[in-house]
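**Student:** So here's coords_18.pdb (PDB, C-alpha atoms).
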ATOM      1  CA  MET A   1       0.000   0.000   0.000
ATOM      2  CA  ASN A   2       1.491   3.383  -0.851
ATOM      3  CA  HIS A   3       1.306   6.548   1.229
ATOM      4  CA  LYS A   4      -1.827   7.997  -0.370
ATOM      5  CA  ASN A   5      -5.187   7.868   1.425
ATOM      6  CA  LEU A   6      -8.547   9.612   1.401
ATOM      7  CA  SER A   7      -7.215  12.516   3.477
ATOM      8  CA  TYR A   8      -4.406  12.999   0.956
ATOM      9  CA  TYR A   9      -6.828  13.414  -1.953
ATOM     10  CA  LYS A  10      -9.284  15.535   0.035
ATOM     11  CA  LYS A  11      -6.518  17.971   0.903
ATOM     12  CA  ILE A  12      -5.551  18.289  -2.776
ATOM     13  CA  ALA A  13      -9.223  18.922  -3.605
ATOM     14  CA  ARG A  14      -9.443  21.640  -0.938
ATOM     15  CA  TYR A  15      -6.319  23.287  -2.319
ATOM     16  CA  LEU A  16      -7.559  23.221  -5.919
ATOM     17  CA  THR A  17     -11.000  24.578  -5.036
ATOM     18  CA  GLY A  18      -9.574  27.440  -2.957
ATOM     19  CA  GLU A  19     -11.141  26.228   0.301
ATOM     20  CA  MET A  20      -7.940  26.617   2.346
ATOM     21  CA  THR A  21      -7.239  29.690   4.419
ATOM     22  CA  ALA A  22      -4.321  31.876   3.355
ATOM     23  CA  GLU A  23      -2.143  30.295   6.072
ATOM     24  CA  GLN A  24      -3.144  26.754   5.094
ATOM     25  CA  ASN A  25      -2.488  27.589   1.458
ATOM     26  CA  GLN A  26       1.034  28.807   2.221
ATOM     27  CA  ASN A  27       1.818  25.771   4.404
ATOM     28  CA  TYR A  28       0.546  23.430   1.710
ATOM     29  CA  LYS A  29       2.774  25.109  -0.874
ATOM     30  CA  LYS A  30       5.750  24.501   1.422
ATOM     31  CA  GLU A  31       4.704  20.866   1.763
ATOM     32  CA  MET A  32       4.572  20.516  -2.035
ATOM     33  CA  LYS A  33       8.107  21.887  -2.293
ATOM     34  CA  ARG A  34       9.318  19.248   0.156
ATOM     35  CA  ASP A  35       7.356  16.349  -1.330
ATOM     36  CA  HIS A  36       8.120  15.716  -5.014
ATOM     37  CA  HIS A  37       5.341  13.112  -5.365
ATOM     38  CA  LEU A  38       2.734  15.448  -3.868
ATOM     39  CA  ASN A  39       3.814  18.282  -6.150
ATOM     40  CA  LYS A  40       3.548  15.990  -9.174
ATOM     41  CA  ASP A  41       0.041  14.795  -8.203
ATOM     42  CA  VAL A  42      -1.231  18.343  -7.631
ATOM     43  CA  ASN A  43       0.131  19.581 -10.949
ATOM     44  CA  LEU A  44      -1.318  16.637 -12.890
ATOM     45  CA  MET A  45      -4.739  17.195 -11.372
ATOM     46  CA  LYS A  46      -4.581  20.950 -11.842
ATOM     47  CA  GLN A  47      -3.903  20.649 -15.592
ATOM     48  CA  SER A  48      -7.504  19.781 -16.391
ATOM     49  CA  TRP A  49      -9.219  21.296 -13.354
ATOM     50  CA  GLN A  50     -11.249  23.917 -15.203
ATOM     51  CA  VAL A  51     -12.432  21.628 -17.979
ATOM     52  CA  PHE A  52     -13.611  18.779 -15.784
ATOM     53  CA  SER A  53     -15.261  21.084 -13.261
ATOM     54  CA  LEU A  54     -17.359  22.642 -16.033
ATOM     55  CA  ASP A  55     -18.615  19.597 -17.904
ATOM     56  CA  PRO A  56     -16.790  16.249 -17.655
ATOM     57  CA  SER A  57     -19.086  14.549 -20.173
ATOM     58  CA  ASP A  58     -18.057  16.853 -23.011
ATOM     59  CA  LYS A  59     -14.352  16.311 -22.503
ATOM     60  CA  TYR A  60     -14.088  12.601 -21.652
ATOM     61  CA  THR A  61     -16.502  10.133 -23.199
ATOM     62  CA  GLU A  62     -15.262   6.797 -21.806
ATOM     63  CA  THR A  63     -16.571   7.524 -18.320
ATOM     64  CA  GLU A  64     -17.132   3.949 -17.154
ATOM     65  CA  LYS A  65     -13.636   2.895 -18.217
ATOM     66  CA  ALA A  66     -12.222   5.914 -16.388
ATOM     67  CA  TRP A  67     -14.051   5.061 -13.172
ATOM     68  CA  SER A  68     -12.911   1.456 -13.453
ATOM     69  CA  LYS A  69      -9.272   2.503 -13.692
ATOM     70  CA  LEU A  70      -9.762   4.988 -10.893
ATOM     71  CA  LYS A  71     -11.264   2.308  -8.653
ATOM     72  CA  ASN A  72      -8.265   0.033  -9.222
ATOM     73  CA  ARG A  73      -5.874   2.855  -8.363
ATOM     74  CA  LEU A  74      -7.777   3.805  -5.199
ATOM     75  CA  ASN A  75      -7.967   0.157  -4.137
ATOM     76  CA  GLU A  76      -4.185  -0.023  -4.427
ATOM     77  CA  ASP A  77      -3.933   3.084  -2.256
ATOM     78  CA  GLY A  78      -6.168   1.496   0.385
ATOM     79  CA  ILE A  79      -8.948   4.068   0.043
ATOM     80  CA  LEU A  80     -11.767   1.696  -0.938
ATOM     81  CA  GLN A  81     -12.863  -1.150   1.308
ATOM     82  CA  ASP A  82     -14.316  -3.201  -1.531
ATOM     83  CA  SER A  83     -15.008  -2.978  -5.253
ATOM     84  CA  SER A  84     -18.726  -2.192  -4.999
ATOM     85  CA  LYS A  85     -20.102   0.732  -6.988
ATOM     86  CA  PRO A  86     -21.713   2.477  -3.957
ATOM     87  CA  GLN A  87     -18.215   3.068  -2.563
ATOM     88  CA  ILE A  88     -17.300   4.987  -5.720
ATOM     89  CA  ILE A  89     -20.450   7.084  -5.405
ATOM     90  CA  LYS A  90     -19.635   7.822  -1.780
ATOM     91  CA  LEU A  91     -16.138   8.884  -2.747
ATOM     92  CA  ARG A  92     -17.474  11.187  -5.447
ATOM     93  CA  HIS A  93     -19.395  13.091  -2.801
ATOM     94  CA  ALA A  94     -16.358  13.240  -0.554
ATOM     95  CA  LEU A  95     -14.045  14.771  -3.132
ATOM     96  CA  ARG A  96     -16.546  16.421  -5.475
ATOM     97  CA  VAL A  97     -16.990  15.245  -9.038
ATOM     98  CA  ALA A  98     -14.520  17.718 -10.498
ATOM     99  CA  ALA A  99     -11.732  16.815  -8.102
ATOM    100  CA  ILE A 100     -12.189  13.069  -8.486
ATOM    101  CA  ALA A 101     -12.091  13.390 -12.269
ATOM    102  CA  LEU A 102      -8.687  14.966 -11.872
ATOM    103  CA  ILE A 103      -7.506  11.924  -9.977
ATOM    104  CA  VAL A 104      -8.468   9.949 -13.076
ATOM    105  CA  ILE A 105      -6.104  12.150 -15.041
ATOM    106  CA  SER A 106      -3.308  11.467 -12.554
ATOM    107  CA  ILE A 107      -3.393   7.727 -13.227
ATOM    108  CA  GLY A 108      -2.355   8.152 -16.816
ATOM    109  CA  ILE A 109      -5.475   8.002 -18.988
ATOM    110  CA  PRO A 110      -4.278   9.361 -22.339
ATOM    111  CA  THR A 111      -7.415  11.220 -23.532
ATOM    112  CA  ILE A 112      -6.970  14.696 -22.056
ATOM    113  CA  TYR A 113      -8.522  17.955 -23.165
ATOM    114  CA  PHE A 114      -6.461  20.995 -22.211
ATOM    115  CA  SER A 115      -8.252  24.281 -21.576
ATOM    116  CA  TYR A 116      -5.100  26.291 -21.061
ATOM    117  CA  LYS A 117      -1.503  26.601 -22.191
ATOM    118  CA  GLU A 118       1.563  27.129 -20.022
ATOM    119  CA  ILE A 119       4.981  28.151 -21.330
ATOM    120  CA  THR A 120       8.137  28.536 -19.221
ATOM    121  CA  SER A 121      11.001  30.478 -20.783
ATOM    122  CA  LYS A 122      14.710  29.938 -20.147
ATOM    123  CA  SER A 123      14.778  33.263 -18.320
ATOM    124  CA  GLY A 124      12.368  31.882 -15.709
ATOM    125  CA  TYR A 125       9.188  33.597 -16.862
ATOM    126  CA  ILE A 126       5.923  31.666 -16.994
ATOM    127  CA  GLU A 127       3.085  32.531 -19.371
ATOM    128  CA  GLN A 128      -0.335  30.983 -18.828
ATOM    129  CA  SER A 129      -3.188  31.360 -21.307
ATOM    130  CA  ALA A 130      -6.885  30.526 -20.855
ATOM    131  CA  ILE A 131      -7.912  28.983 -24.175
ATOM    132  CA  GLU A 132     -11.341  27.329 -24.202
ATOM    133  CA  SER A 133     -12.657  28.450 -20.821
ATOM    134  CA  THR A 134     -11.610  30.189 -17.611
ATOM    135  CA  HIS A 135      -8.383  29.136 -15.921
ATOM    136  CA  THR A 136      -7.085  29.512 -12.352
ATOM    137  CA  VAL A 137      -3.440  30.428 -11.715
ATOM    138  CA  ASP A 138      -1.759  30.110  -8.314
ATOM    139  CA  LEU A 139       1.182  32.503  -8.067
ATOM    140  CA  PRO A 140       4.415  31.920  -6.110
ATOM    141  CA  ASP A 141       3.297  34.151  -3.201
ATOM    142  CA  GLY A 142      -0.036  32.388  -2.682
ATOM    143  CA  SER A 143      -2.065  34.944  -4.635
ATOM    144  CA  ARG A 144      -4.635  33.520  -7.033
ATOM    145  CA  VAL A 145      -5.687  34.785 -10.461
ATOM    146  CA  PHE A 146      -8.799  33.735 -12.396
ATOM    147  CA  LEU A 147      -8.248  34.241 -16.129
ATOM    148  CA  ASN A 148     -11.241  34.724 -18.403
ATOM    149  CA  GLN A 149     -11.254  32.986 -21.783
ATOM    150  CA  GLY A 150      -8.557  34.384 -24.078
ATOM    151  CA  ALA A 151      -6.559  36.035 -21.278
ATOM    152  CA  LYS A 152      -2.791  35.677 -20.774
ATOM    153  CA  LEU A 153      -0.756  36.139 -17.603
ATOM    154  CA  ARG A 154       3.047  36.436 -17.522
ATOM    155  CA  TYR A 155       5.104  36.357 -14.316
ATOM    156  CA  LYS A 156       8.432  35.261 -12.850
ATOM    157  CA  ASN A 157       8.554  31.731 -11.447
ATOM    158  CA  THR A 158       9.687  33.213  -8.135
ATOM    159  CA  PHE A 159       8.638  36.424  -6.396
ATOM    160  CA  GLU A 160      11.879  36.858  -4.442
ATOM    161  CA  GLU A 161      12.702  40.276  -5.934
ATOM    162  CA  ASN A 162       9.237  41.657  -6.653
ATOM    163  CA  ARG A 163       5.615  40.699  -7.297
ATOM    164  CA  ASN A 164       5.102  41.881 -10.878
ATOM    165  CA  VAL A 165       2.761  40.317 -13.431
ATOM    166  CA  THR A 166       1.643  41.273 -16.937
ATOM    167  CA  LEU A 167      -1.953  40.751 -18.044
ATOM    168  CA  GLU A 168      -3.586  40.606 -21.460
ATOM    169  CA  GLY A 169      -7.368  40.225 -21.459
ATOM    170  CA  GLU A 170      -9.545  39.891 -18.357
ATOM    171  CA  GLY A 171      -8.468  38.567 -14.984
ATOM    172  CA  TYR A 172      -9.716  38.593 -11.394
ATOM    173  CA  PHE A 173      -6.976  38.913  -8.755
ATOM    174  CA  ASP A 174      -7.094  37.735  -5.136
ATOM    175  CA  VAL A 175      -3.811  39.092  -3.778
ATOM    176  CA  MET A 176      -2.025  37.958  -0.604
ATOM    177  CA  ALA A 177      -1.224  40.883   1.688
ATOM    178  CA  ASN A 178       2.455  41.842   1.937
ATOM    179  CA  PRO A 179       3.040  45.535   2.797
ATOM    180  CA  ALA A 180       6.799  45.109   2.332
ATOM    181  CA  LYS A 181       6.386  43.915  -1.246
ATOM    182  CA  PRO A 182       3.549  45.549  -3.244
ATOM    183  CA  PHE A 183       1.861  43.595  -6.028
ATOM    184  CA  HIS A 184       1.914  45.174  -9.515
ATOM    185  CA  VAL A 185      -0.222  44.348 -12.551
ATOM    186  CA  ASN A 186       0.923  45.837 -15.876
ATOM    187  CA  THR A 187      -1.556  45.849 -18.778
ATOM    188  CA  GLY A 188       0.565  48.009 -21.067
ATOM    189  CA  LYS A 189      -1.833  50.939 -20.622
ATOM    190  CA  VAL A 190      -2.008  51.065 -16.830
ATOM    191  CA  ILE A 191      -0.100  49.779 -13.803
ATOM    192  CA  ILE A 192      -2.151  48.604 -10.826
ATOM    193  CA  THR A 193      -0.478  48.588  -7.409
ATOM    194  CA  VAL A 194      -1.916  46.719  -4.418
ATOM    195  CA  LEU A 195      -0.875  45.445  -1.005
ATOM    196  CA  GLY A 196      -3.594  42.816  -0.600
ATOM    197  CA  THR A 197      -7.057  42.907  -2.102
ATOM    198  CA  SER A 198      -9.376  41.445  -4.738
ATOM    199  CA  PHE A 199     -10.115  43.218  -7.997
ATOM    200  CA  ASN A 200     -10.999  42.647 -11.647
ATOM    201  CA  VAL A 201      -9.059  43.927 -14.666
ATOM    202  CA  LYS A 202     -10.196  44.111 -18.292
ATOM    203  CA  SER A 203      -7.155  45.134 -20.275
ATOM    204  CA  ALA A 204      -7.394  46.759 -23.693
ATOM    205  CA  HIS A 205      -6.772  44.553 -26.725
ATOM    206  CA  ALA A 206      -6.114  47.490 -29.042
ATOM    207  CA  GLN A 207      -4.585  50.930 -28.670
ATOM    208  CA  ASN A 208      -7.920  52.731 -29.035
ATOM    209  CA  GLU A 209      -9.709  50.551 -26.464
ATOM    210  CA  GLN A 210      -9.999  51.289 -22.746
ATOM    211  CA  THR A 211      -8.849  49.286 -19.756
ATOM    212  CA  GLU A 212     -11.220  48.744 -16.815
ATOM    213  CA  VAL A 213     -10.279  48.105 -13.197
ATOM    214  CA  TYR A 214     -12.941  47.209 -10.628
ATOM    215  CA  VAL A 215     -12.222  46.771  -6.904
ATOM    216  CA  GLU A 216     -14.270  44.256  -4.934
ATOM    217  CA  SER A 217     -12.353  44.507  -1.628
ATOM    218  CA  GLY A 218      -9.436  46.502  -0.244
ATOM    219  CA  SER A 219      -8.025  49.334  -2.340
ATOM    220  CA  VAL A 220      -5.747  49.677  -5.358
ATOM    221  CA  GLU A 221      -3.850  52.438  -7.102
ATOM    222  CA  VAL A 222      -4.298  52.702 -10.872
ATOM    223  CA  ALA A 223      -1.771  54.757 -12.830
ATOM    224  CA  LEU A 224      -1.540  55.510 -16.553
ATOM    225  CA  VAL A 225       1.778  54.374 -17.990
ATOM    226  CA  ASP A 226       2.162  57.371 -20.320
ATOM    227  CA  SER A 227       0.934  60.353 -18.293
ATOM    228  CA  LYS A 228       1.551  58.990 -14.780
ATOM    229  CA  GLU A 229      -1.949  60.164 -13.802
ATOM    230  CA  SER A 230      -3.155  57.979 -10.925
ATOM    231  CA  ILE A 231      -6.182  57.306  -8.750
ATOM    232  CA  VAL A 232      -6.920  55.158  -5.679
ATOM    233  CA  LEU A 233     -10.012  52.971  -5.918
ATOM    234  CA  GLU A 234     -12.084  51.716  -2.984
ATOM    235  CA  PRO A 235     -14.528  48.743  -2.928
ATOM    236  CA  GLY A 236     -17.342  49.109  -5.459
ATOM    237  CA  GLN A 237     -15.447  51.643  -7.547
ATOM    238  CA  LEU A 238     -14.403  51.223 -11.165
ATOM    239  CA  VAL A 239     -12.124  53.227 -13.431
ATOM    240  CA  ARG A 240     -11.973  53.257 -17.223
ATOM    241  CA  ALA A 241      -8.541  54.155 -18.550
ATOM    242  CA  LYS A 242      -7.754  55.432 -22.016
ATOM    243  CA  GLU A 243      -5.998  58.777 -22.452
ATOM    244  CA  LYS A 244      -7.432  59.758 -19.035
ATOM    245  CA  LEU A 245      -8.719  57.983 -15.941
ATOM    246  CA  ASN A 246     -12.506  58.087 -15.638
ATOM    247  CA  PRO A 247     -13.728  56.805 -12.240
ATOM    248  CA  ASP A 248     -17.252  55.494 -11.777
ATOM    249  CA  LEU A 249     -19.366  53.243  -9.569
ATOM    250  CA  GLN A 250     -19.850  49.701 -10.790
ATOM    251  CA  THR A 251     -23.608  49.069 -11.165
ATOM    252  CA  ASP A 252     -23.697  45.970 -13.387
ATOM    253  CA  LEU A 253     -25.131  43.164 -11.236
ATOM    254  CA  ASN A 254     -23.438  40.546 -13.412
ATOM    255  CA  TYR A 255     -20.035  42.163 -13.854
ATOM    256  CA  LEU A 256     -18.198  39.198 -12.302
ATOM    257  CA  SER A 257     -20.576  36.465 -13.467
ATOM    258  CA  TRP A 258     -17.895  35.035 -15.794
ATOM    259  CA  LYS A 259     -16.009  34.059 -12.613
ATOM    260  CA  THR A 260     -18.783  33.399 -10.080
ATOM    261  CA  LYS A 261     -21.475  31.904 -12.350
ATOM    262  CA  GLU A 262     -23.942  33.862 -10.231
ATOM    263  CA  PHE A 263     -26.538  35.928 -12.086
ATOM    264  CA  ARG A 264     -29.196  38.428 -11.094
ATOM    265  CA  PHE A 265     -31.570  39.832 -13.684
ATOM    266  CA  ILE A 266     -34.217  42.436 -12.825
ATOM    267  CA  ASP A 267     -36.764  43.165 -15.542
ATOM    268  CA  GLU A 268     -34.133  42.480 -18.235
ATOM    269  CA  PRO A 269     -34.907  41.850 -21.930
ATOM    270  CA  VAL A 270     -34.384  38.189 -22.742
ATOM    271  CA  THR A 271     -31.956  38.933 -25.574
ATOM    272  CA  GLU A 272     -29.733  40.853 -23.169
ATOM    273  CA  ILE A 273     -29.901  37.997 -20.664
ATOM    274  CA  ILE A 274     -28.764  35.608 -23.387
ATOM    275  CA  ASP A 275     -25.846  37.929 -24.223
ATOM    276  CA  VAL A 276     -24.707  37.930 -20.589
ATOM    277  CA  LEU A 277     -24.933  34.143 -20.408
ATOM    278  CA  LYS A 278     -23.024  33.661 -23.668
ATOM    279  CA  LYS A 279     -20.103  35.696 -22.360
ATOM    280  CA  ALA A 280     -20.102  34.034 -18.950
ATOM    281  CA  TYR A 281     -20.310  30.435 -20.179
ATOM    282  CA  HIS A 282     -18.356  30.952 -23.428
ATOM    283  CA  VAL A 283     -21.038  29.352 -25.573
ATOM    284  CA  GLU A 284     -22.479  30.200 -28.975
ATOM    285  CA  VAL A 285     -26.233  30.818 -29.156
ATOM    286  CA  ASN A 286     -28.333  31.546 -32.224
ATOM    287  CA  ASP A 287     -31.219  33.582 -30.789
ATOM    288  CA  SER A 288     -32.484  35.134 -34.025
ATOM    289  CA  ALA A 289     -35.871  33.426 -33.504
ATOM    290  CA  ILE A 290     -36.567  35.585 -30.419
ATOM    291  CA  GLU A 291     -35.061  38.882 -31.574
ATOM    292  CA  ASN A 292     -38.530  40.462 -31.782
ATOM    293  CA  PHE A 293     -39.844  38.949 -28.535
ATOM    294  CA  ASP A 294     -41.068  41.670 -26.198
ATOM    295  CA  MET A 295     -40.307  39.579 -23.133
ATOM    296  CA  ARG A 296     -38.495  40.574 -19.931
ATOM    297  CA  LEU A 297     -37.510  38.393 -17.003
ATOM    298  CA  THR A 298     -36.650  38.831 -13.339
ATOM    299  CA  THR A 299     -34.692  35.851 -12.123
ATOM    300  CA  THR A 300     -31.519  34.673 -10.382
ATOM    301  CA  TYR A 301     -29.146  31.767 -10.972
ATOM    302  CA  GLN A 302     -26.313  30.476  -8.858
ATOM    303  CA  GLY A 303     -23.721  27.925  -9.910
ATOM    304  CA  GLN A 304     -25.937  26.209 -12.488
ATOM    305  CA  THR A 305     -24.839  24.836 -15.839
ATOM    306  CA  PHE A 306     -25.695  26.749 -18.984
ATOM    307  CA  ASP A 307     -28.105  24.003 -20.076
ATOM    308  CA  ALA A 308     -29.979  24.213 -16.773
ATOM    309  CA  VAL A 309     -30.305  27.997 -17.057
ATOM    310  CA  LEU A 310     -31.366  27.806 -20.689
ATOM    311  CA  ASN A 311     -34.035  25.221 -19.862
ATOM    312  CA  THR A 312     -35.685  27.577 -17.353
ATOM    313  CA  ILE A 313     -35.613  30.474 -19.836
ATOM    314  CA  CYS A 314     -37.158  28.321 -22.561
ATOM    315  CA  ALA A 315     -39.888  27.174 -20.174
ATOM    316  CA  ALA A 316     -40.689  30.799 -19.267
ATOM    317  CA  LEU A 317     -40.858  31.835 -22.941
ATOM    318  CA  ASN A 318     -42.614  28.680 -24.129
ATOM    319  CA  ILE A 319     -39.848  28.010 -26.657
ATOM    320  CA  HIS A 320     -37.275  25.238 -27.030
ATOM    321  CA  TYR A 321     -33.717  24.787 -28.238
ATOM    322  CA  LYS A 322     -31.614  22.272 -30.074
ATOM    323  CA  LYS A 323     -27.862  21.877 -30.216
ATOM    324  CA  GLU A 324     -25.945  21.490 -33.454
ATOM    325  CA  GLY A 325     -22.293  20.897 -32.752
ATOM    326  CA  LYS A 326     -21.331  23.580 -30.254
ATOM    327  CA  VAL A 327     -24.142  25.960 -31.201
ATOM    328  CA  TYR A 328     -27.384  26.318 -29.222
ATOM    329  CA  ILE A 329     -30.282  27.253 -31.497
ATOM    330  CA  LEU A 330     -33.409  28.768 -29.978
ATOM    331  CA  GLN A 331     -36.673  27.920 -31.727
ATOM    332  CA  THR A 332     -40.300  28.902 -31.277
ATOM    333  CA  LYS A 333     -42.820  26.119 -30.811
TER     334      LYS A 333
END
Will you turn the file into structure tokens for me?
**Tutor:**
Amino acid sequence: MNHKNLSYYKKIARYLTGEMTAEQNQNYKKEMKRDHHLNKDVNLMKQSWQVFSLDPSDKYTETEKAWSKLKNRLNEDGILQDSSKPQIIKLRHALRVAAIALIVISIGIPTIYFSYKEITSKSGYIEQSAIESTHTVDLPDGSRVFLNQGAKLRYKNTFEENRNVTLEGEGYFDVMANPAKPFHVNTGKVIITVLGTSFNVKSAHAQNEQTEVYVESGSVEVALVDSKESIVLEPGQLVRAKEKLNPDLQTDLNYLSWKTKEFRFIDEPVTEIIDVLKKAYHVEVNDSAIENFDMRLTTTYQGQTFDAVLNTICAALNIHYKKEGKVYILQTK
């Protein structure tokens, strides 16, 4: 029997899902540095974390074979008492479906769908890109970044000298406090300086576009690279940066829905609701059949799949949808 047990896997699951406190997170990182096998297991599981947590069925079709191989591996590790199927179901609840699917990846099943790309240069810089969906990045200091689809994050593999990162696209930052070493985010247009806080950044893709910074907790300083104009933002505040800094209050109830998958719609046109959902779930929807519908909805969703949300909307509108490839097509009855 090797050293792995149920507690071992549960701790990895807690780390990957962000359920550890800041102190526990730091201690676990130290443990990974000391234990090569633990570090390898965590990294293997993390590689497909986002994909399997969103929809395992779309990314891995041979589910029964996967569970069979997983059961054999867990039996070897002494986690399962017998080979009965109820034990597997019990274990799924203990580790959560997403986390257990990652354990399947760690036992060497070759069919893997990658939702992100990581490149490490010879100079010690790491670049991570969110390709098909969102992607979570744990930085060397314990800070965590959630990258929206299409975003790129570049940083040094160690934060010994400074805590500087470069962002392209949209990212949500949860920064570990360290007054002696400020955290800097460079988007090319602005530089954001923080000590410890959580905030969202939408960086400009083109020269004539604006960058947005929204603070959820703590405070940050936003400075224009060219003019050095700066402003300090408090919770709930947002600034749009182009040639000048334009502060504002953030009033969009679904501004962070791409990260949280929590939605709140109050008397919203259905077409606008669909637009919000498309951006948050990164799906393609053909809603031309309801373009002229004079229908508004007041509703909330929390942590549901896109299909579940779409089913409730279709029921409210008395319409239905079909799926062709990756495209959802709304149709009237």
**Student:** State, in Å with one decimal place, the distance from CA of Lys261 in chain A to CA of Asn148 in chain A.
**Tutor:** 12.2 Å
**Student:** Extract, using only C-alpha atoms, all DNA, RNA and protein residues at most 12 Å from Thr260 in chain A, discarding same-chain residues fewer than 5 positions from it, and format them as a PDB file with C-alpha atoms, in the frame of the given file.
**Tutor:**
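Result written to around17.pdb:
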ATOM      1  CA  THR A 134     -11.610  30.189 -17.611  1.00  0.00           C
ATOM      2  CA  PHE A 146      -8.799  33.735 -12.396  1.00  0.00           C
ATOM      3  CA  ASN A 148     -11.241  34.724 -18.403  1.00  0.00           C
ATOM      4  CA  TYR A 172      -9.716  38.593 -11.394  1.00  0.00           C
ATOM      5  CA  LEU A 253     -25.131  43.164 -11.236  1.00  0.00           C
ATOM      6  CA  ASN A 254     -23.438  40.546 -13.412  1.00  0.00           C
ATOM      7  CA  TYR A 255     -20.035  42.163 -13.854  1.00  0.00           C
ATOM      8  CA  ALA A 280     -20.102  34.034 -18.950  1.00  0.00           C
ATOM      9  CA  TYR A 281     -20.310  30.435 -20.179  1.00  0.00           C
ATOM     10  CA  TYR A 301     -29.146  31.767 -10.972  1.00  0.00           C
ATOM     11  CA  GLN A 302     -26.313  30.476  -8.858  1.00  0.00           C
ATOM     12  CA  GLY A 303     -23.721  27.925  -9.910  1.00  0.00           C
ATOM     13  CA  GLN A 304     -25.937  26.209 -12.488  1.00  0.00           C
ATOM     14  CA  THR A 305     -24.839  24.836 -15.839  1.00  0.00           C
TER      15      THR A 305
END
**Student:** Could you state the separation of CA of Thr298 in chain A and CA of Ser257 in chain A in Å, given to one decimal place?
**Tutor:** 16.2 Å
**Student:** Selected by the PyMOL selection byres ((chain A and resi 227) around 12) in the shown coordinates: which residues, as JSON, numbers by chain?
**Tutor:** {"A": [189, 190, 191, 222, 223, 224, 225, 226, 228, 229, 230, 241, 242, 243, 244, 245]}
**Student:** Rank A:Ala308, A:Ile131, A:Met295, A:Ser288 by their smallest atom-to-atom distance to Leu330 in chain A, using all atoms listed in the file, and report the top residue only.
**Tutor:** A:Ser288
**Student:** Which is closer to Val285 in chain A than all the others in A:Arg264, A:Lys117, A:Lys259, A:Lys323, using only C-alpha atoms?
**Tutor:**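 Of all the options, A:Lys323 lies closest to Val285 in chain A.
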**Student:** Can you tell me which residues surround range 135-140 of chain A at a distance of at most 8 Å, considering only C-alpha atoms, apart from same-chain residues fewer than 3 positions away, and format the answer as a count of residues only?
**Tutor:** 16
**Student:** Kindly resolve the PyMOL selection byres ((chain A and resi 171) around 9) on the present coordinates and return the residues as a compact mmCIF listing (two decimals) with C-alpha atoms, keeping the file's coordinate frame.
**Tutor:**
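As written to disk, expr_25.txt reads:
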# COMPACT_ATOMS: atom_id res chain seq x y z
CA VAL A 145 -5.69 34.78 -10.46
CA PHE A 146 -8.80 33.74 -12.40
CA LEU A 147 -8.25 34.24 -16.13
CA ASN A 148 -11.24 34.72 -18.40
CA ALA A 151 -6.56 36.03 -21.28
CA LYS A 152 -2.79 35.68 -20.77
CA LEU A 153 -0.76 36.14 -17.60
CA LEU A 167 -1.95 40.75 -18.04
CA GLU A 168 -3.59 40.61 -21.46
CA GLY A 169 -7.37 40.22 -21.46
CA GLU A 170 -9.54 39.89 -18.36
CA TYR A 172 -9.72 38.59 -11.39
CA PHE A 173 -6.98 38.91 -8.76
CA PHE A 199 -10.12 43.22 -8.00
CA ASN A 200 -11.00 42.65 -11.65
CA VAL A 201 -9.06 43.93 -14.67
CA LYS A 202 -10.20 44.11 -18.29
CA SER A 203 -7.16 45.13 -20.27
**Student:** Which one of A:Glu212, A:Trp258, A:Asp41, A:Gln26 sits closest to Leu238 in chain A if you count all atoms listed in the file?
**Tutor:**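 Among the listed residues, A:Glu212 lies closest to Leu238 in chain A.
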**Student:** Report the distance between CA of Asn39 in chain A and CA of Asn25 in chain A in Å, rounded to one decimal place.
**Tutor:**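 Going from CA of Asn39 in chain A over to CA of Asn25 in chain A, I get 13.6 Å.
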**Student:** Evaluate the PyMOL selection byres ((chain A and resi 125) around 9) on the structure here and hand back the selected residues as a ChimeraX atom specification.
**Tutor:** /A:119-124,126-127,154-158
**Student:** For each of A:Leu38, A:Glu234, A:Asn43, A:Asp252, take the minimum atom-to-atom distance to Ser217 in chain A, counting only C-alpha atoms, then give the residue where this is smallest.
**Tutor:**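 Comparing A:Leu38, A:Glu234, A:Asn43, A:Asp252 against Ser217 in chain A, the winner is A:Glu234.
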